[in-house]
Each structure stands twice: as structure tokens, then as C-alpha cells.
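Text of the file entry-v8.cif, holding mmCIF, C-alpha atoms (C1' of nucleotides):
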data_final
loop_
_atom_site.label_atom_id
_atom_site.label_comp_id
_atom_site.auth_asym_id
_atom_site.auth_seq_id
_atom_site.Cartn_x
_atom_site.Cartn_y
_atom_site.Cartn_z
CA MET A 1 106.20 32.46 86.89
CA SER A 2 103.27 31.59 84.65
CA ALA A 3 100.81 28.98 85.81
CA ILE A 4 100.87 25.26 85.26
CA GLU A 5 97.45 25.17 86.70
CA THR A 6 94.76 27.70 86.06
CA GLU A 7 94.20 29.43 89.39
CA ARG A 8 93.18 26.55 91.52
CA PRO A 9 91.00 27.96 94.32
CA LEU A 10 92.76 27.88 97.67
CA ARG A 11 91.35 27.01 101.03
CA ILE A 12 91.89 29.16 104.08
CA GLY A 13 94.47 26.83 105.57
CA GLU A 14 96.61 26.92 102.47
CA VAL A 15 96.43 30.67 102.31
CA ALA A 16 97.43 30.89 105.92
CA GLU A 17 100.43 28.69 105.37
CA LEU A 18 101.49 30.52 102.24
CA VAL A 19 101.40 33.83 104.00
CA GLY A 20 102.77 32.57 107.27
CA THR A 21 99.82 33.21 109.49
CA THR A 22 96.78 31.31 110.79
CA ALA A 23 93.29 30.64 109.51
CA ARG A 24 91.92 32.30 112.60
CA THR A 25 93.73 35.50 111.76
CA ILE A 26 92.36 35.51 108.24
CA ARG A 27 88.82 34.97 109.51
CA TYR A 28 89.35 37.67 112.06
CA TYR A 29 90.50 40.13 109.44
CA GLU A 30 87.44 39.35 107.43
CA GLU A 31 85.32 39.81 110.52
CA ILE A 32 86.60 43.31 111.17
CA GLY A 33 86.42 44.26 107.53
CA LEU A 34 90.12 44.28 106.76
CA LEU A 35 89.55 41.53 104.23
CA PRO A 36 86.52 41.61 101.97
CA GLY A 37 84.98 38.14 102.19
CA SER A 38 83.25 37.05 99.03
CA ALA A 39 79.63 38.04 98.98
CA GLU A 40 78.25 34.92 97.29
CA ARG A 41 79.22 32.63 100.13
CA GLU A 42 76.42 31.31 102.26
CA GLN A 43 76.38 30.27 105.87
CA GLY A 44 78.54 27.24 106.47
CA GLN A 45 80.23 27.04 103.10
CA HIS A 46 83.98 27.02 102.81
CA ARG A 47 85.92 30.12 101.95
CA PHE A 48 87.89 30.01 98.72
CA TYR A 49 90.68 32.31 97.69
CA THR A 50 92.47 33.36 94.54
CA GLN A 51 96.14 34.11 94.16
CA ALA A 52 95.26 37.78 94.24
CA ASP A 53 93.65 37.28 97.62
CA VAL A 54 96.84 35.73 98.86
CA GLU A 55 98.75 38.79 97.74
CA ARG A 56 96.33 40.97 99.56
CA VAL A 57 96.69 39.07 102.81
CA ARG A 58 100.42 39.15 102.37
CA GLU A 59 100.40 42.88 101.99
CA ILE A 60 98.27 43.37 105.05
CA VAL A 61 100.55 41.24 107.16
CA ARG A 62 103.53 43.07 105.82
CA LEU A 63 102.12 46.47 106.61
CA ARG A 64 101.00 45.26 110.01
CA ASP A 65 104.51 44.14 110.83
CA LEU A 66 106.33 47.09 109.35
CA LEU A 67 104.21 50.00 110.47
CA GLY A 68 103.06 49.77 114.01
CA LEU A 69 99.43 50.55 113.38
CA SER A 70 96.36 49.13 115.01
CA LEU A 71 94.24 47.04 112.70
CA GLU A 72 91.69 49.80 112.71
CA GLN A 73 94.20 52.37 111.55
CA LEU A 74 95.44 49.88 109.04
CA SER A 75 91.88 49.44 107.88
CA ARG A 76 91.60 53.11 107.18
CA LEU A 77 94.92 53.16 105.41
CA LEU A 78 93.75 50.28 103.26
CA GLU A 79 90.53 51.83 102.21
CA ALA A 80 93.08 52.34 99.53
CA GLU A 81 93.27 48.68 98.64
CA SER A 82 89.64 47.89 99.22
CA ALA A 83 88.71 50.83 97.12
CA ARG A 84 91.16 49.85 94.42
CA ALA A 85 89.68 46.41 94.15
CA GLU A 86 86.34 48.08 93.75
CA LEU A 87 87.74 50.47 91.22
CA ARG A 88 89.23 47.69 89.18
CA ARG A 89 85.74 46.34 88.69
CA GLU A 90 84.45 49.74 87.75
CA TRP A 91 87.35 50.09 85.39
CA LYS A 92 86.05 47.44 83.06
CA LEU A 93 82.71 49.12 82.81
CA ALA A 94 83.97 52.64 82.42
CA ASP A 95 84.01 53.77 78.82
CA SER A 96 84.64 57.48 78.93
CA GLY A 97 88.20 58.58 79.33
CA ALA A 98 87.09 61.01 81.99
CA GLU A 99 85.69 58.15 84.03
CA ARG A 100 88.91 56.24 83.76
CA ALA A 101 90.96 59.27 84.63
CA ARG A 102 88.96 59.80 87.77
CA ILE A 103 89.51 56.21 88.82
CA LEU A 104 93.24 56.46 88.26
CA GLU A 105 93.39 59.71 90.18
CA GLU A 106 91.71 58.15 93.16
CA ALA A 107 94.11 55.26 93.07
CA LEU A 108 96.94 57.75 92.90
CA GLU A 109 95.73 59.52 95.96
CA HIS A 110 95.49 56.30 97.93
CA VAL A 111 98.98 55.28 97.00
CA GLY A 112 100.07 58.76 97.94
CA THR A 113 98.64 58.42 101.41
CA GLN A 114 100.38 55.13 101.97
CA LEU A 115 103.58 56.50 100.60
CA GLU A 116 103.54 59.45 102.96
CA LEU A 117 103.22 57.21 105.94
CA VAL A 118 105.84 54.74 104.84
CA HIS A 119 108.20 57.49 103.85
CA GLY A 120 107.83 59.17 107.22
CA ARG A 121 108.59 55.97 108.99
CA ARG A 122 111.59 55.30 106.87
CA VAL A 123 113.02 58.72 107.56
CA GLU A 124 112.59 58.27 111.29
CA LEU A 125 114.30 54.91 111.19
CA GLU A 126 117.08 56.32 109.07
CA GLN A 127 117.61 59.04 111.62
CA LEU A 128 117.75 56.50 114.40
CA GLU A 129 120.14 54.36 112.44
CA ALA A 130 122.42 57.32 111.86
CA GLU A 131 122.49 58.07 115.54
CA LEU A 132 123.42 54.50 116.34
CA VAL A 133 126.16 54.52 113.76
CA ALA A 134 127.53 57.69 115.31
CA LYS A 135 127.43 56.17 118.75
CA ARG A 136 129.24 53.14 117.48
CA GLY A 137 131.86 55.34 115.89
CA SER A 138 132.54 57.20 119.08
CA LEU A 139 132.84 53.99 121.02
CA ARG A 140 135.30 52.63 118.53
CA GLU A 141 137.33 55.78 118.74
CA ARG A 142 137.56 55.63 122.46
CA LEU A 143 138.51 52.01 122.26
CA ALA A 144 141.28 52.79 119.81
CA GLU A 145 142.58 55.51 122.07
CA LEU A 146 142.93 53.02 124.86
CA ALA A 147 145.05 50.76 122.73
CA VAL A 148 147.81 53.28 122.12
CA MET B 1 121.52 74.18 125.93
CA SER B 2 123.39 74.64 129.21
CA ALA B 3 121.41 74.79 132.42
CA ILE B 4 120.01 77.81 134.18
CA GLU B 5 119.17 75.56 137.02
CA THR B 6 121.27 72.69 138.24
CA GLU B 7 119.35 69.55 137.43
CA ARG B 8 116.20 70.12 139.35
CA PRO B 9 114.76 66.71 140.17
CA LEU B 10 111.62 66.00 138.19
CA ARG B 11 108.46 64.33 139.33
CA ILE B 12 106.83 61.54 137.41
CA GLY B 13 104.08 63.75 136.05
CA GLU B 14 106.55 66.21 134.59
CA VAL B 15 108.55 63.45 133.00
CA ALA B 16 105.41 62.00 131.50
CA GLU B 17 104.44 65.32 130.01
CA LEU B 18 107.91 66.01 128.70
CA VAL B 19 108.03 62.68 126.95
CA GLY B 20 104.43 62.68 125.88
CA THR B 21 103.19 59.71 127.81
CA THR B 22 101.51 59.03 131.15
CA ALA B 23 102.71 58.47 134.69
CA ARG B 24 101.03 55.09 134.65
CA THR B 25 103.11 54.03 131.70
CA ILE B 26 106.32 55.07 133.39
CA ARG B 27 105.39 53.18 136.53
CA TYR B 28 104.46 50.20 134.44
CA TYR B 29 107.79 50.23 132.67
CA GLU B 30 109.51 50.33 136.00
CA GLU B 31 107.32 47.49 137.18
CA ILE B 32 108.34 45.21 134.34
CA GLY B 33 111.97 46.21 134.57
CA LEU B 34 112.18 48.32 131.47
CA LEU B 35 113.07 51.30 133.62
CA PRO B 36 115.43 50.89 136.54
CA GLY B 37 113.73 52.64 139.48
CA SER B 38 116.15 54.11 141.97
CA ALA B 39 117.11 51.67 144.66
CA GLU B 40 117.13 54.09 147.60
CA ARG B 41 113.45 54.86 147.39
CA GLU B 42 111.29 53.45 150.13
CA GLN B 43 107.67 52.44 150.12
CA GLY B 44 105.42 55.40 149.58
CA GLN B 45 108.03 57.98 148.69
CA HIS B 46 107.83 59.94 145.49
CA ARG B 47 109.86 59.01 142.45
CA PHE B 48 112.36 61.57 141.26
CA TYR B 49 114.04 61.73 137.92
CA THR B 50 117.05 63.35 136.34
CA GLN B 51 117.30 64.74 132.85
CA ALA B 52 119.16 61.60 131.87
CA ASP B 53 116.20 59.55 133.02
CA VAL B 54 113.96 61.61 130.78
CA GLU B 55 116.21 60.83 127.85
CA ARG B 56 116.02 57.19 128.65
CA VAL B 57 112.25 57.18 128.76
CA ARG B 58 112.19 59.11 125.54
CA GLU B 59 114.37 56.54 123.84
CA ILE B 60 112.23 53.69 125.04
CA VAL B 61 109.09 55.31 123.73
CA ARG B 62 110.81 56.04 120.48
CA LEU B 63 111.96 52.49 120.01
CA ARG B 64 108.57 51.20 121.04
CA ASP B 65 106.90 53.29 118.38
CA LEU B 66 109.42 52.70 115.62
CA LEU B 67 110.14 49.03 115.96
CA GLY B 68 107.10 46.90 116.54
CA LEU B 69 108.48 44.95 119.45
CA SER B 70 106.75 43.72 122.55
CA LEU B 71 107.97 45.37 125.71
CA GLU B 72 109.64 42.14 126.64
CA GLN B 73 111.60 42.01 123.42
CA LEU B 74 112.37 45.66 123.88
CA SER B 75 113.57 44.84 127.34
CA ARG B 76 116.03 42.35 126.00
CA LEU B 77 117.18 44.74 123.34
CA LEU B 78 117.76 47.34 126.01
CA GLU B 79 119.79 45.17 128.25
CA ALA B 80 122.07 47.29 126.21
CA GLU B 81 121.04 50.50 127.91
CA SER B 82 120.55 49.04 131.34
CA ALA B 83 123.89 47.41 131.09
CA ARG B 84 125.48 50.57 129.82
CA ALA B 85 124.23 52.53 132.80
CA GLU B 86 125.76 49.88 134.98
CA LEU B 87 128.95 49.97 132.99
CA ARG B 88 129.23 53.71 133.31
CA ARG B 89 129.41 53.24 137.04
CA GLU B 90 132.01 50.56 136.70
CA TRP B 91 133.91 52.80 134.36
CA LYS B 92 134.83 55.25 137.09
CA LEU B 93 136.22 52.48 139.23
CA ALA B 94 138.11 50.70 136.52
CA ASP B 95 141.77 51.58 136.49
CA SER B 96 143.35 49.10 134.17
CA GLY B 97 143.11 49.81 130.49
CA ALA B 98 142.09 46.24 129.92
CA GLU B 99 139.10 46.70 132.18
CA ARG B 100 138.05 49.78 130.32
CA ALA B 101 138.53 48.14 126.99
CA ARG B 102 136.27 45.30 128.01
CA ILE B 103 133.57 47.73 129.07
CA LEU B 104 133.77 49.58 125.79
CA GLU B 105 133.64 46.38 123.84
CA GLU B 106 130.50 45.28 125.58
CA ALA B 107 128.90 48.63 124.87
CA LEU B 108 129.92 48.24 121.27
CA GLU B 109 128.28 44.90 121.03
CA HIS B 110 125.05 46.21 122.45
CA VAL B 111 124.96 49.09 120.04
CA GLY B 112 125.71 46.62 117.30
CA THR B 113 122.70 44.51 118.18
CA GLN B 114 120.41 47.51 118.14
CA LEU B 115 121.89 48.69 114.92
CA GLU B 116 121.29 45.39 113.21
CA LEU B 117 117.65 45.44 114.10
CA VAL B 118 117.10 49.06 113.16
CA HIS B 119 119.01 48.63 109.94
CA GLY B 120 116.93 45.63 108.96
CA ARG B 121 113.76 47.49 109.56
CA ARG B 122 114.92 50.45 107.58
CA VAL B 123 115.82 48.29 104.62
CA GLU B 124 112.43 46.64 104.64
CA LEU B 125 110.70 49.98 104.78
CA GLU B 126 112.89 51.31 102.02
CA GLN B 127 111.93 48.34 99.89
CA LEU B 128 108.28 48.96 100.54
CA GLU B 129 108.67 52.63 99.78
CA ALA B 130 110.33 51.84 96.50
CA GLU B 131 107.48 49.58 95.53
CA LEU B 132 104.98 52.26 96.31
CA VAL B 133 106.90 54.82 94.30
CA ALA B 134 106.92 52.42 91.38
CA LYS B 135 103.23 51.86 91.69
CA ARG B 136 102.66 55.58 91.73
CA GLY B 137 104.81 55.96 88.67
CA SER B 138 102.86 53.41 86.71
CA LEU B 139 99.60 55.01 87.69
CA ARG B 140 100.84 58.38 86.56
CA GLU B 141 101.95 56.95 83.29
CA ARG B 142 98.62 55.40 82.59
CA LEU B 143 96.95 58.62 83.52
CA ALA B 144 99.13 60.55 81.11
CA GLU B 145 98.36 58.11 78.34
CA LEU B 146 94.69 58.78 78.81
CA ALA B 147 95.20 62.48 78.37
CA VAL B 148 96.67 62.30 74.86
"C1'" DC C 1 102.80 73.69 161.07
"C1'" DG C 2 99.21 73.45 157.94
"C1'" DC C 3 97.59 73.18 152.96
"C1'" DT C 4 97.13 71.44 148.74
"C1'" DA C 5 98.74 69.45 144.60
"C1'" DT C 6 100.74 65.66 143.20
"C1'" DC C 7 102.22 61.47 144.27
"C1'" DC C 8 101.90 56.54 146.39
"C1'" DT C 9 100.09 51.55 146.26
"C1'" DT C 10 96.63 48.25 145.32
"C1'" DA C 11 93.58 46.29 142.52
"C1'" DC C 12 90.26 45.69 139.31
"C1'" DG C 13 88.76 47.11 134.37
"C1'" DT C 14 89.49 47.49 129.30
"C1'" DT C 15 90.93 46.99 124.53
"C1'" DT C 16 93.29 44.67 120.91
"C1'" DA C 17 94.42 40.69 118.43
"C1'" DC C 18 94.06 36.80 118.23
"C1'" DG C 19 94.08 31.30 120.59
"C1'" DT C 20 91.41 27.41 121.51
"C1'" DA C 21 87.77 24.17 122.18
"C1'" DA C 22 83.33 22.06 120.77
"C1'" DA C 23 79.97 20.39 117.77
"C1'" DG C 24 78.64 20.02 113.47
"C1'" DT C 25 79.22 20.40 107.95
"C1'" DA C 26 81.28 20.66 103.28
"C1'" DG C 27 83.88 18.81 99.66
"C1'" DA C 28 87.47 16.14 97.15
"C1'" DG C 29 88.75 11.57 96.36
"C1'" DA C 30 88.13 6.20 96.47
"C1'" DT D 1 77.88 6.92 97.97
"C1'" DC D 2 80.91 6.88 101.67
"C1'" DT D 3 84.77 8.68 104.14
"C1'" DC D 4 87.97 11.51 106.03
"C1'" DT D 5 90.01 15.81 106.40
"C1'" DA D 6 89.75 20.42 106.58
"C1'" DC D 7 86.54 23.46 107.04
"C1'" DT D 8 82.30 26.01 109.46
"C1'" DT D 9 80.20 28.87 113.46
"C1'" DT D 10 79.88 30.01 118.24
"C1'" DA D 11 81.80 31.26 122.20
"C1'" DC D 12 84.72 31.54 125.81
"C1'" DG D 13 89.87 32.29 127.07
"C1'" DT D 14 94.16 35.06 127.21
"C1'" DA D 15 98.37 37.97 127.09
"C1'" DA D 16 100.01 42.57 126.62
"C1'" DA D 17 99.82 47.28 127.72
"C1'" DC D 18 98.09 50.10 129.86
"C1'" DG D 19 93.43 52.99 132.12
"C1'" DT D 20 91.04 54.10 136.14
"C1'" DA D 21 89.31 54.46 140.73
"C1'" DA D 22 89.98 54.38 145.86
"C1'" DG D 23 92.13 55.60 149.95
"C1'" DG D 24 95.91 57.42 151.85
"C1'" DA D 25 100.74 59.64 152.14
"C1'" DT D 26 104.45 63.11 150.80
"C1'" DA D 27 106.74 67.33 149.43
"C1'" DG D 28 107.24 71.91 148.75
"C1'" DC D 29 105.26 76.30 149.94
"C1'" DG D 30 103.56 79.98 152.90
#
Before anything else, please render the file you have as C-alpha cells.
Amino acid sequence: MSAIETERPLRIGEVAELVGTTARTIRYYEEIGLLPGSAEREQGQHRFYTQADVERVREIVRLRDLLGLSLEQLSRLLEAESARAELRREWKLADSGAERARILEEALEHVGTQLELVHGRRVELEQLEAELVAKRGSLRERLAELAV
Amino acid sequence: MSAIETERPLRIGEVAELVGTTARTIRYYEEIGLLPGSAEREQGQHRFYTQADVERVREIVRLRDLLGLSLEQLSRLLEAESARAELRREWKLADSGAERARILEEALEHVGTQLELVHGRRVELEQLEAELVAKRGSLRERLAELAV
DNA sequence: CGCTATCCTTACGTTTACGTAAAGTAGAGA
DNA sequence: TCTCTACTTTACGTAAACGTAAGGATAGCG
């Protein structure tokens, strides 16, 4: 998986295609603060993205599709990610172990929040699936009984 | 769970409260064909619901919240339910075993469709959950390493 | 039979999550 | 340096899923 090319910057259209969405959507997500939007970009200049950015967009789309949250709720849930990006920067500057521990603990909490939500959803779906399986079983039974 | 009272007909407001939604939503679902809407009701008369109707609404809301489908997609998925209600009526008239077998088989297929979708969703969520658990694990590890 | 709460229909309003069009600009390659 | 494509911003459009308000009718109770 290592790179032939050294992180060629991607344009918004390429990112969109890679992720399976549209440029408009990516701009929109930036507009509402779901995506960061590089600070050193001035009016009119093109947006450029790294591979990490692509991953981020991918994750957002994934969560959007899997959990049924509004983008605002998703935004709050992803303070996690936004914060983690921020923390990664801080990480490099932090020298004391205590500093680093604090950063890791925050990250842990964020992941915990996400996990709770995802776990809850999964359990609900599992429950529903079980009920459907049961229903199917009973139908099959009745069908078998008819075939005596 | 047996009844003190014999199926008192419910009004739309009661149903809404029981399910945790609004009367408007129930009317809307009827409007777009997601809910049947009793045929023998004339212009201006109140809607009345049975306990079975409540269950149906509950299931719709549940599916709406758990799967991220549009109401139209949900509608198609629930041809299942609508059809099954219809089939239940037919059931009482059907005398030949072959007839009954056909009805059961159709029901089975509908349940199968739903199950496929729900199962797929669950697997995706499970995958996501696993990834999050892994992430948490790695964070914990790094945190422990700091504390040596 | 009258009262009142809840319902009815009709219709316009609202939010979310983008789509789409227009007019102009940036940037990679020849 | 020119050119062409993919980008930029601005702004209006839209579909889905209801919310809400108005004006009037119904159903159960006393």
C-alpha cells in the first residue's frame, strides 16, 4: 500500500469521486463546519486535499449513511475527529508525559462516545434481525405443516 | 398482557402518543400510502385505530429510525406488511392447501427481503464497532506505555 | 340536546441537504 | 505565454418530511 508518488495533492473533484459523493457535498460540509477547510486558502483559490482528508470525508459519509443522524448531530459527534486532528498537532509539541496522557485521554473519551452510539445502534439492529429470523422460522414451520 | 377492555378503538392522538410521534405524521403516512387508512371512512369522519394498527405504526417508525431509508423506499420494503395484511384476509377464504402455501411463501419472501437489508446494516455496523474498539484499544495501550 | 375536546381538511410554511446554473478564475500542461 | 479544464463564489431551486394555522365538523358525555 505504500506510495509510488509522494502524496500528490488532490482536487475536490477527485476526492468526490474517490469517496463516491459530489464536490458540492464536500463544499457544503466545509460550509457547515463538518470539514475543516484549510486556513491558508484565500478567496478564489482551489481547494487541495491530502489522502488523510479523503479518509476523513469517507468516514463522515460512512457515519452519515450508517447512523441516521442529522449533519448537525454528526457534527457534534465528530467534535471527536476535529478535536483529534487538533490534538495530533498538539501532540508533536507536547513534551511532558502528563500533557501527552491528557491528549490520549481526551481521544479515548471521544472514541468512547462514538462507540456508545454505534454499539447501541448495532444492538437495536441485532434485536430487529432476531425478530425477523423468528418470524421467518414460524412461517417456514407453518409451511412445512401444510405439506404433510 | 390480556385485555381488560375489548379493543377500544383509539383516536389518532392516542396512537401518536403511544408510538411517540404526532398525529400529523400518521396522517402523512396515510397520505403517501405507508399506512392503509380504513376504506369505510367518509370525508370528515374521525380515524379510528386498533391495537394492531398501533403495532404497525410502531414498526414503521422503528424501521424509519433504524434503517436510513426514505419513506418511499420504506414503502417498497413494506409492501411486505401491506401485502401481508391483505394476505391475512385472503387466508381465511383460502381452502386449498396450495392456496395457503402460496400465501405463506409470499410472506416468506417479504420477510426475507427485510431480513437481507437489516442483516446487511447490522454487519456494517458491527464492522464499524469493531474498528472503534480497536482504535480504543490502541489508545489505551499507548496511554499505558506512557505511565511506565 | 348541548358542550367541549379532539378531530377533520386544506393549504401554506419550514428545515435539511444538497442540486444546478451563471459568470468568472486558477493552474497544469503544450 | 496561452489554453483548456476543472475549479471558484453567489445565489436561487428543490425534494422530503413533516409543522402549523384556519375554519369547521364529529363523537362521546352529561
Which residues are near Glu131 of chain B? Cut-off 12 Å, all atoms listed in the file, ignore same chain within fewer than 3 positions. Put them as a PDB file with C-alpha atoms, in the coordinates of the input.
ATOM      1  CA  GLU A  59     100.400  42.880 101.990  1.00  0.00           C
ATOM      2  CA  VAL A 111      98.980  55.280  97.000  1.00  0.00           C
ATOM      3  CA  GLN A 114     100.380  55.130 101.970  1.00  0.00           C
ATOM      4  CA  LEU A 115     103.580  56.500 100.600  1.00  0.00           C
ATOM      5  CA  VAL A 118     105.840  54.740 104.840  1.00  0.00           C
ATOM      6  CA  HIS A 119     108.200  57.490 103.850  1.00  0.00           C
TER       7      HIS A 119
ATOM      8  CA  GLU B 124     112.430  46.640 104.640  1.00  0.00           C
ATOM      9  CA  LEU B 125     110.700  49.980 104.780  1.00  0.00           C
ATOM     10  CA  GLU B 126     112.890  51.310 102.020  1.00  0.00           C
ATOM     11  CA  GLN B 127     111.930  48.340  99.890  1.00  0.00           C
ATOM     12  CA  LEU B 128     108.280  48.960 100.540  1.00  0.00           C
ATOM     13  CA  ALA B 134     106.920  52.420  91.380  1.00  0.00           C
ATOM     14  CA  LYS B 135     103.230  51.860  91.690  1.00  0.00           C
ATOM     15  CA  ARG B 136     102.660  55.580  91.730  1.00  0.00           C
ATOM     16  CA  GLY B 137     104.810  55.960  88.670  1.00  0.00           C
ATOM     17  CA  SER B 138     102.860  53.410  86.710  1.00  0.00           C
TER      18      SER B 138
END
- atom CA of His46 of chain B and atom C1' of DC8 of chain C, how far apart in Å? 6.9 Å
Residue list for chain D near chain B as an mmCIF file with C-alpha atoms (C1' of nucleotides), in the frame of the given file, 7 Å, all atoms listed in the file:
data_model
loop_
_atom_site.group_PDB
_atom_site.id
_atom_site.type_symbol
_atom_site.label_atom_id
_atom_site.label_comp_id
_atom_site.auth_asym_id
_atom_site.auth_seq_id
_atom_site.Cartn_x
_atom_site.Cartn_y
_atom_site.Cartn_z
ATOM 1 C "C1'" DC D 18 98.090 50.100 129.860
ATOM 2 C "C1'" DA D 25 100.740 59.640 152.140
ATOM 3 C "C1'" DT D 26 104.450 63.110 150.800
#
Expected selection from the PyMOL selection byres ((chain A and resi 38) around 9), given as a JSON list (two decimals) with C-alpha atoms, in the frame of the given file:
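File written: part.json
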[["chain", "number", "residue", "atom", "x", "y", "z"],
["A", 36, "PRO", "CA", 86.52, 41.61, 101.97],
["A", 37, "GLY", "CA", 84.98, 38.14, 102.19],
["A", 39, "ALA", "CA", 79.63, 38.04, 98.98],
["A", 40, "GLU", "CA", 78.25, 34.92, 97.29],
["A", 41, "ARG", "CA", 79.22, 32.63, 100.13],
["A", 47, "ARG", "CA", 85.92, 30.12, 101.95],
["A", 48, "PHE", "CA", 87.89, 30.01, 98.72],
["A", 49, "TYR", "CA", 90.68, 32.31, 97.69]]
- Of A:Leu63, A:Ile32, A:Val57, A:Leu77, the one nearest to chain B when counting only C-alpha atoms is A:Leu63
- Query: Quick one, how far is atom CA of Thr21 of chain A from atom CA of Ser75 of chain A?
  - Reply: 18.1 Å
- Task: Taking the file as shown, find all residues satisfying the PyMOL selection byres ((chain C and resi 15) around 12) and write them as number ranges by chain.
- Result: A: 70; C: 13-14, 16-17; D: 15-19
- Message: Only residues of chain A matter here; which ones have an atom within 10 Å of chain B, counting all atoms listed in the file? Give them as a PyMOL selection string.
- Response: chain A and resi 62-69+97-98+100-105+107-112+114-133+135-140+142-147
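On the file presented, the PyMOL selection byres ((chain C) within 10 of (chain A)) picks out DT16, DA17, DC18, DG19, DT25, DA26 and DG27 of chain C.
Between atom CA of Arg76 of chain B and atom CA of Glu106 of chain B lies a distance of 14.8 Å.
Once DA11 of chain C and its same-chain neighbours fewer than 2 positions away are set aside, DT9 and DG13 of chain C; DA21 and DA22 of chain D remain within 10 Å of it when counting all atoms listed in the file.
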Atoms kept (C-alpha atoms (C1' of nucleotides)) for selection, written as a PDB file, keeping the file's coordinate frame:
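Listed below is the output, result31.pdb:
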ATOM      1  C1'  DT C   9     100.090  51.550 146.260  1.00  0.00           C
ATOM      2  C1'  DG C  13      88.760  47.110 134.370  1.00  0.00           C
TER       3       DG C  13
ATOM      4  C1'  DA D  21      89.310  54.460 140.730  1.00  0.00           C
ATOM      5  C1'  DA D  22      89.980  54.380 145.860  1.00  0.00           C
TER       6       DA D  22
END
How about completing segment 42-60 of chain A with N, CA and C atoms and giving it to me as a short mmCIF file (atom, residue, chain, number, x, y, z; two decimals), in the frame of the given file?
data_model
loop_
_atom_site.label_atom_id
_atom_site.label_comp_id
_atom_site.auth_asym_id
_atom_site.auth_seq_id
_atom_site.Cartn_x
_atom_site.Cartn_y
_atom_site.Cartn_z
N GLU A 42 77.50 31.40 101.29
CA GLU A 42 76.42 31.31 102.26
C GLU A 42 76.89 30.61 103.53
N GLN A 43 76.15 30.85 104.54
CA GLN A 43 76.38 30.27 105.87
C GLN A 43 76.88 28.83 105.81
N GLY A 44 78.06 28.60 106.35
CA GLY A 44 78.54 27.24 106.47
C GLY A 44 79.46 26.78 105.35
N GLN A 45 79.38 27.44 104.22
CA GLN A 45 80.23 27.04 103.10
C GLN A 45 81.67 27.44 103.32
N HIS A 46 82.55 26.73 102.68
CA HIS A 46 83.98 27.02 102.81
C HIS A 46 84.35 28.29 102.09
N ARG A 47 85.37 28.95 102.63
CA ARG A 47 85.92 30.12 101.95
C ARG A 47 86.91 29.65 100.89
N PHE A 48 86.88 30.30 99.75
CA PHE A 48 87.89 30.01 98.72
C PHE A 48 88.58 31.29 98.30
N TYR A 49 89.86 31.13 97.98
CA TYR A 49 90.68 32.31 97.69
C TYR A 49 91.41 32.18 96.37
N THR A 50 91.66 33.31 95.76
CA THR A 50 92.47 33.36 94.54
C THR A 50 93.89 33.77 94.92
N GLN A 51 94.76 33.69 93.94
CA GLN A 51 96.14 34.11 94.16
C GLN A 51 96.20 35.59 94.52
N ALA A 52 95.31 36.35 93.94
CA ALA A 52 95.26 37.78 94.24
C ALA A 52 94.91 38.00 95.71
N ASP A 53 94.01 37.19 96.21
CA ASP A 53 93.65 37.28 97.62
C ASP A 53 94.86 37.03 98.50
N VAL A 54 95.64 36.03 98.10
CA VAL A 54 96.84 35.73 98.86
C VAL A 54 97.75 36.95 98.92
N GLU A 55 97.90 37.59 97.78
CA GLU A 55 98.75 38.79 97.74
C GLU A 55 98.23 39.85 98.69
N ARG A 56 96.93 39.97 98.70
CA ARG A 56 96.33 40.97 99.56
C ARG A 56 96.61 40.69 101.03
N VAL A 57 96.41 39.45 101.42
CA VAL A 57 96.69 39.07 102.81
C VAL A 57 98.16 39.32 103.12
N ARG A 58 98.99 38.97 102.18
CA ARG A 58 100.42 39.15 102.37
C ARG A 58 100.75 40.62 102.61
N GLU A 59 100.13 41.46 101.84
CA GLU A 59 100.40 42.88 101.99
C GLU A 59 99.93 43.42 103.33
N ILE A 60 98.79 42.94 103.75
CA ILE A 60 98.27 43.37 105.05
C ILE A 60 99.22 42.97 106.16
#
